[in-house]
Every structure is written in structure tokens, then in C-alpha cells.
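**Q** Dropping in final-v3.cif, with mmCIF, N, CA and C atoms.
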data_input
loop_
_atom_site.label_atom_id
_atom_site.label_comp_id
_atom_site.auth_asym_id
_atom_site.auth_seq_id
_atom_site.Cartn_x
_atom_site.Cartn_y
_atom_site.Cartn_z
N MET A 30 31.48 -14.54 12.23
CA MET A 30 30.52 -13.74 11.49
C MET A 30 29.25 -13.63 12.32
N PRO A 31 28.80 -12.41 12.59
CA PRO A 31 27.60 -12.23 13.41
C PRO A 31 26.33 -12.65 12.66
N PHE A 32 25.38 -13.07 13.42
CA PHE A 32 24.10 -13.50 12.88
C PHE A 32 23.10 -12.38 13.10
N PHE A 33 22.50 -11.88 12.03
CA PHE A 33 21.53 -10.81 12.13
C PHE A 33 20.14 -11.37 11.85
N ARG A 34 19.25 -11.11 12.74
CA ARG A 34 17.87 -11.58 12.59
C ARG A 34 17.02 -10.44 12.07
N ARG A 35 16.23 -10.72 11.07
CA ARG A 35 15.32 -9.69 10.55
C ARG A 35 14.20 -9.45 11.54
N SER A 36 13.84 -8.21 11.67
CA SER A 36 12.71 -7.89 12.54
C SER A 36 11.41 -8.15 11.78
N LYS A 37 10.37 -8.39 12.52
CA LYS A 37 9.07 -8.60 11.88
C LYS A 37 8.58 -7.29 11.29
N PRO A 38 7.96 -7.35 10.12
CA PRO A 38 7.46 -6.12 9.50
C PRO A 38 6.36 -5.48 10.33
N THR A 39 6.33 -4.17 10.30
CA THR A 39 5.27 -3.44 10.99
C THR A 39 4.20 -3.06 9.99
N GLY A 40 3.02 -2.79 10.47
CA GLY A 40 1.93 -2.39 9.59
C GLY A 40 1.11 -3.59 9.15
N THR A 41 0.15 -3.31 8.28
CA THR A 41 -0.73 -4.37 7.79
C THR A 41 -0.84 -4.30 6.28
N ARG A 42 -1.08 -5.45 5.69
CA ARG A 42 -1.34 -5.48 4.24
C ARG A 42 -2.83 -5.21 4.02
N PRO A 43 -3.17 -4.21 3.24
CA PRO A 43 -4.58 -3.92 3.00
C PRO A 43 -5.23 -4.98 2.12
N THR A 44 -6.53 -5.14 2.29
CA THR A 44 -7.28 -6.10 1.48
C THR A 44 -7.48 -5.54 0.07
N ASP A 45 -7.89 -6.40 -0.85
CA ASP A 45 -8.16 -5.96 -2.22
C ASP A 45 -9.29 -4.93 -2.25
N ALA A 46 -10.29 -5.11 -1.39
CA ALA A 46 -11.40 -4.16 -1.35
C ALA A 46 -10.92 -2.78 -0.90
N GLN A 47 -10.02 -2.73 0.08
CA GLN A 47 -9.48 -1.45 0.54
C GLN A 47 -8.66 -0.79 -0.57
N ILE A 48 -7.88 -1.59 -1.30
CA ILE A 48 -7.08 -1.06 -2.40
C ILE A 48 -7.98 -0.48 -3.48
N GLN A 49 -9.03 -1.21 -3.84
CA GLN A 49 -9.93 -0.74 -4.89
C GLN A 49 -10.69 0.51 -4.46
N ALA A 50 -11.05 0.60 -3.19
CA ALA A 50 -11.74 1.79 -2.69
C ALA A 50 -10.80 3.01 -2.73
N ALA A 51 -9.56 2.80 -2.35
CA ALA A 51 -8.58 3.90 -2.38
C ALA A 51 -8.32 4.35 -3.81
N ALA A 52 -8.21 3.39 -4.73
CA ALA A 52 -7.99 3.73 -6.14
C ALA A 52 -9.19 4.47 -6.71
N ALA A 53 -10.39 4.07 -6.31
CA ALA A 53 -11.59 4.77 -6.78
C ALA A 53 -11.58 6.21 -6.28
N GLY A 54 -11.13 6.43 -5.05
CA GLY A 54 -11.01 7.78 -4.53
C GLY A 54 -10.00 8.60 -5.31
N VAL A 55 -8.89 8.00 -5.67
CA VAL A 55 -7.87 8.70 -6.46
C VAL A 55 -8.44 9.04 -7.84
N ASN A 56 -9.21 8.13 -8.41
CA ASN A 56 -9.83 8.40 -9.71
C ASN A 56 -10.79 9.58 -9.65
N ARG A 57 -11.41 9.79 -8.48
CA ARG A 57 -12.32 10.94 -8.30
C ARG A 57 -11.57 12.21 -7.92
N GLY A 58 -10.27 12.10 -7.66
CA GLY A 58 -9.47 13.26 -7.30
C GLY A 58 -9.23 13.39 -5.81
N ASP A 59 -9.64 12.40 -5.02
CA ASP A 59 -9.47 12.43 -3.57
C ASP A 59 -8.38 11.45 -3.16
N ARG A 60 -7.25 11.97 -2.68
CA ARG A 60 -6.13 11.11 -2.31
C ARG A 60 -6.10 10.77 -0.83
N ALA A 61 -7.03 11.26 -0.05
CA ALA A 61 -7.00 11.06 1.40
C ALA A 61 -7.05 9.59 1.78
N ALA A 62 -7.93 8.82 1.16
CA ALA A 62 -8.05 7.39 1.50
C ALA A 62 -6.77 6.64 1.15
N ALA A 63 -6.17 6.96 0.00
CA ALA A 63 -4.92 6.31 -0.40
C ALA A 63 -3.79 6.67 0.56
N ASN A 64 -3.72 7.93 0.95
CA ASN A 64 -2.69 8.35 1.90
C ASN A 64 -2.84 7.65 3.24
N GLN A 65 -4.06 7.56 3.73
CA GLN A 65 -4.31 6.90 5.01
C GLN A 65 -3.96 5.41 4.93
N LEU A 66 -4.34 4.78 3.84
CA LEU A 66 -4.05 3.36 3.65
C LEU A 66 -2.54 3.11 3.62
N CYS A 67 -1.81 3.99 2.95
CA CYS A 67 -0.35 3.85 2.88
C CYS A 67 0.30 4.10 4.24
N ASP A 68 -0.24 5.03 5.00
CA ASP A 68 0.30 5.29 6.34
C ASP A 68 0.11 4.09 7.25
N GLU A 69 -1.04 3.43 7.14
CA GLU A 69 -1.32 2.27 7.98
C GLU A 69 -0.54 1.04 7.52
N ALA A 70 -0.06 1.04 6.29
CA ALA A 70 0.63 -0.13 5.74
C ALA A 70 2.01 -0.34 6.36
N GLY A 71 2.61 0.72 6.89
CA GLY A 71 3.92 0.57 7.53
C GLY A 71 4.97 0.07 6.56
N ASP A 72 5.57 -1.09 6.86
CA ASP A 72 6.62 -1.65 6.02
C ASP A 72 6.10 -2.15 4.68
N TYR A 73 4.80 -2.27 4.54
CA TYR A 73 4.20 -2.71 3.28
C TYR A 73 3.78 -1.52 2.41
N ARG A 74 4.30 -0.35 2.70
CA ARG A 74 3.89 0.88 2.00
C ARG A 74 4.17 0.81 0.50
N GLN A 75 5.37 0.40 0.11
CA GLN A 75 5.71 0.38 -1.32
C GLN A 75 4.81 -0.59 -2.07
N GLU A 76 4.58 -1.76 -1.50
CA GLU A 76 3.69 -2.73 -2.12
C GLU A 76 2.27 -2.18 -2.25
N THR A 77 1.83 -1.46 -1.21
CA THR A 77 0.48 -0.88 -1.22
C THR A 77 0.35 0.17 -2.30
N VAL A 78 1.34 1.03 -2.44
CA VAL A 78 1.30 2.06 -3.48
C VAL A 78 1.23 1.43 -4.87
N LEU A 79 2.01 0.41 -5.10
CA LEU A 79 2.00 -0.24 -6.41
C LEU A 79 0.66 -0.93 -6.67
N ARG A 80 0.07 -1.52 -5.65
CA ARG A 80 -1.24 -2.15 -5.82
C ARG A 80 -2.30 -1.11 -6.14
N ILE A 81 -2.24 0.06 -5.50
CA ILE A 81 -3.20 1.14 -5.79
C ILE A 81 -2.99 1.63 -7.22
N CYS A 82 -1.74 1.79 -7.63
CA CYS A 82 -1.45 2.29 -8.98
C CYS A 82 -1.99 1.38 -10.07
N ARG A 83 -2.05 0.09 -9.80
CA ARG A 83 -2.59 -0.85 -10.80
C ARG A 83 -4.07 -0.61 -11.07
N HIS A 84 -4.78 -0.01 -10.10
CA HIS A 84 -6.22 0.19 -10.24
C HIS A 84 -6.60 1.61 -10.62
N ILE A 85 -5.64 2.49 -10.78
CA ILE A 85 -5.93 3.89 -11.12
C ILE A 85 -6.23 3.99 -12.61
N ASP A 86 -7.29 4.69 -12.94
CA ASP A 86 -7.68 4.93 -14.32
C ASP A 86 -6.93 6.16 -14.81
N VAL A 87 -5.98 5.95 -15.71
CA VAL A 87 -5.16 7.06 -16.19
C VAL A 87 -5.92 8.04 -17.06
N GLU A 88 -7.08 7.64 -17.54
CA GLU A 88 -7.90 8.52 -18.38
C GLU A 88 -8.85 9.38 -17.57
N ALA A 89 -8.88 9.17 -16.24
CA ALA A 89 -9.79 9.95 -15.39
C ALA A 89 -9.34 11.42 -15.36
N PRO A 90 -10.29 12.34 -15.22
CA PRO A 90 -9.94 13.77 -15.21
C PRO A 90 -9.13 14.17 -14.00
#
Turn the structure described in the file into C-alpha cells.
**A**
Amino acid sequence: MPFFRRSKPTGTRPTDAQIQAAAAGVNRGDRAAANQLCDEAGDYRQETVLRICRHIDVEAP
């Protein structure tokens, strides 16, 4: 049975401050910061999106 080694994840995990800033931008209607943050996250993209979604105000216009 062959042994498969996992490769190291690419990208970076954003800080809580970066997540909150991106979510604040989404609340104002600007998705550019969130998109850039997700692009830089690499393999951590799904986790980053979910972290941003936790901070989005669904009642915002």
C-alpha cells in the first residue's frame, strides 16, 4: 500500500481584524476587501468565507 504525504497548505489564515474589516466592507456593499482576502487565503479560502459570513449583518441594506 503506497504512502501518500499531504502537502502543506498554501495561503495564509487572515487575522480576526482582517476578517472584521472585510465583513464591515460587505455590510457597506463593498465586496472587494472580502474577495481579496479570500484570494490570499489559498487553501484556507472556505474557512475564511465562513468566518466573514459570521460577521455579516443580514439586516444591512
**Q** As a check of understanding, name the residues that the PyMOL selection byres (((chain A and resi 73 and name CA) around 9) and name CA) selects in the supplied structure, as a PDB file with N, CA and C atoms, keeping the file's coordinate frame.
**A**
ATOM      1  N   PRO A  38       7.960  -7.350  10.120  1.00  0.00           N
ATOM      2  CA  PRO A  38       7.460  -6.120   9.500  1.00  0.00           C
ATOM      3  C   PRO A  38       6.360  -5.480  10.330  1.00  0.00           C
ATOM      4  N   THR A  39       6.330  -4.170  10.300  1.00  0.00           N
ATOM      5  CA  THR A  39       5.270  -3.440  10.990  1.00  0.00           C
ATOM      6  C   THR A  39       4.200  -3.060   9.990  1.00  0.00           C
ATOM      7  N   GLY A  40       3.020  -2.790  10.470  1.00  0.00           N
ATOM      8  CA  GLY A  40       1.930  -2.390   9.590  1.00  0.00           C
ATOM      9  C   GLY A  40       1.110  -3.590   9.150  1.00  0.00           C
ATOM     10  N   THR A  41       0.150  -3.310   8.280  1.00  0.00           N
ATOM     11  CA  THR A  41      -0.730  -4.370   7.790  1.00  0.00           C
ATOM     12  C   THR A  41      -0.840  -4.300   6.280  1.00  0.00           C
ATOM     13  N   ARG A  42      -1.080  -5.450   5.690  1.00  0.00           N
ATOM     14  CA  ARG A  42      -1.340  -5.480   4.240  1.00  0.00           C
ATOM     15  C   ARG A  42      -2.830  -5.210   4.020  1.00  0.00           C
ATOM     16  N   PRO A  43      -3.170  -4.210   3.240  1.00  0.00           N
ATOM     17  CA  PRO A  43      -4.580  -3.920   3.000  1.00  0.00           C
ATOM     18  C   PRO A  43      -5.230  -4.980   2.120  1.00  0.00           C
ATOM     19  N   CYS A  67      -1.810   3.990   2.950  1.00  0.00           N
ATOM     20  CA  CYS A  67      -0.350   3.850   2.880  1.00  0.00           C
ATOM     21  C   CYS A  67       0.300   4.100   4.240  1.00  0.00           C
ATOM     22  N   GLU A  69      -1.040   3.430   7.140  1.00  0.00           N
ATOM     23  CA  GLU A  69      -1.320   2.270   7.980  1.00  0.00           C
ATOM     24  C   GLU A  69      -0.540   1.040   7.520  1.00  0.00           C
ATOM     25  N   ALA A  70      -0.060   1.040   6.290  1.00  0.00           N
ATOM     26  CA  ALA A  70       0.630  -0.130   5.740  1.00  0.00           C
ATOM     27  C   ALA A  70       2.010  -0.340   6.360  1.00  0.00           C
ATOM     28  N   GLY A  71       2.610   0.720   6.890  1.00  0.00           N
ATOM     29  CA  GLY A  71       3.920   0.570   7.530  1.00  0.00           C
ATOM     30  C   GLY A  71       4.970   0.070   6.560  1.00  0.00           C
ATOM     31  N   ASP A  72       5.570  -1.090   6.860  1.00  0.00           N
ATOM     32  CA  ASP A  72       6.620  -1.650   6.020  1.00  0.00           C
ATOM     33  C   ASP A  72       6.100  -2.150   4.680  1.00  0.00           C
ATOM     34  N   ARG A  74       4.300  -0.350   2.700  1.00  0.00           N
ATOM     35  CA  ARG A  74       3.890   0.880   2.000  1.00  0.00           C
ATOM     36  C   ARG A  74       4.170   0.810   0.500  1.00  0.00           C
ATOM     37  N   GLN A  75       5.370   0.400   0.110  1.00  0.00           N
ATOM     38  CA  GLN A  75       5.710   0.380  -1.320  1.00  0.00           C
ATOM     39  C   GLN A  75       4.810  -0.590  -2.070  1.00  0.00           C
ATOM     40  N   GLU A  76       4.580  -1.760  -1.500  1.00  0.00           N
ATOM     41  CA  GLU A  76       3.690  -2.730  -2.120  1.00  0.00           C
ATOM     42  C   GLU A  76       2.270  -2.180  -2.250  1.00  0.00           C
ATOM     43  N   THR A  77       1.830  -1.460  -1.210  1.00  0.00           N
ATOM     44  CA  THR A  77       0.480  -0.880  -1.220  1.00  0.00           C
ATOM     45  C   THR A  77       0.350   0.170  -2.300  1.00  0.00           C
ATOM     46  N   VAL A  78       1.340   1.030  -2.440  1.00  0.00           N
ATOM     47  CA  VAL A  78       1.300   2.060  -3.480  1.00  0.00           C
ATOM     48  C   VAL A  78       1.230   1.430  -4.870  1.00  0.00           C
TER      49      VAL A  78
END
**Q** I need the output of the PyMOL selection byres ((chain A and resi 52) around 8) for this file as number ranges by chain; which residues are they?
**A** A: 46-51, 53-59, 62-63, 80-86
**Q** Report, as AutoDock Vina command-line options, the centre and edge lengths in Å (one decimal) of the axis-aligned box enclosing every listed atom of region 73-84 of chain A, padded by 6 Å on each side.
**A**
--center_x -0.4 --center_y -0.2 --center_z -3.3 --size_x 24.3 --size_y 17.0 --size_z 27.6
**Q** Quick one: distance from CA of Leu79 (chain A) to atom C of Asp45 (chain A) in Å, one decimal?
**A** 12.9 Å
**Q** Please return as a PyMOL selection string: the residues of chain A that backbone DSSP assigns to alpha helix (DSSP H).
**A** chain A and resi 45-57+61-70+74-84
**Q** Please measure the separation of atom C of Val87 (chain A) and atom N of Arg60 (chain A), giving the value in Å to one decimal.
**A**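 Between atom C of Val87 (chain A) and atom N of Arg60 (chain A) the gap is 15.0 Å.
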**Q** How far is it from atom C of Phe33 (chain A) to atom N of Asp68 (chain A), in Å with one decimal?
**A**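 Taking atom C of Phe33 (chain A) as the start and atom N of Asp68 (chain A) as the end point, the length is 27.0 Å.
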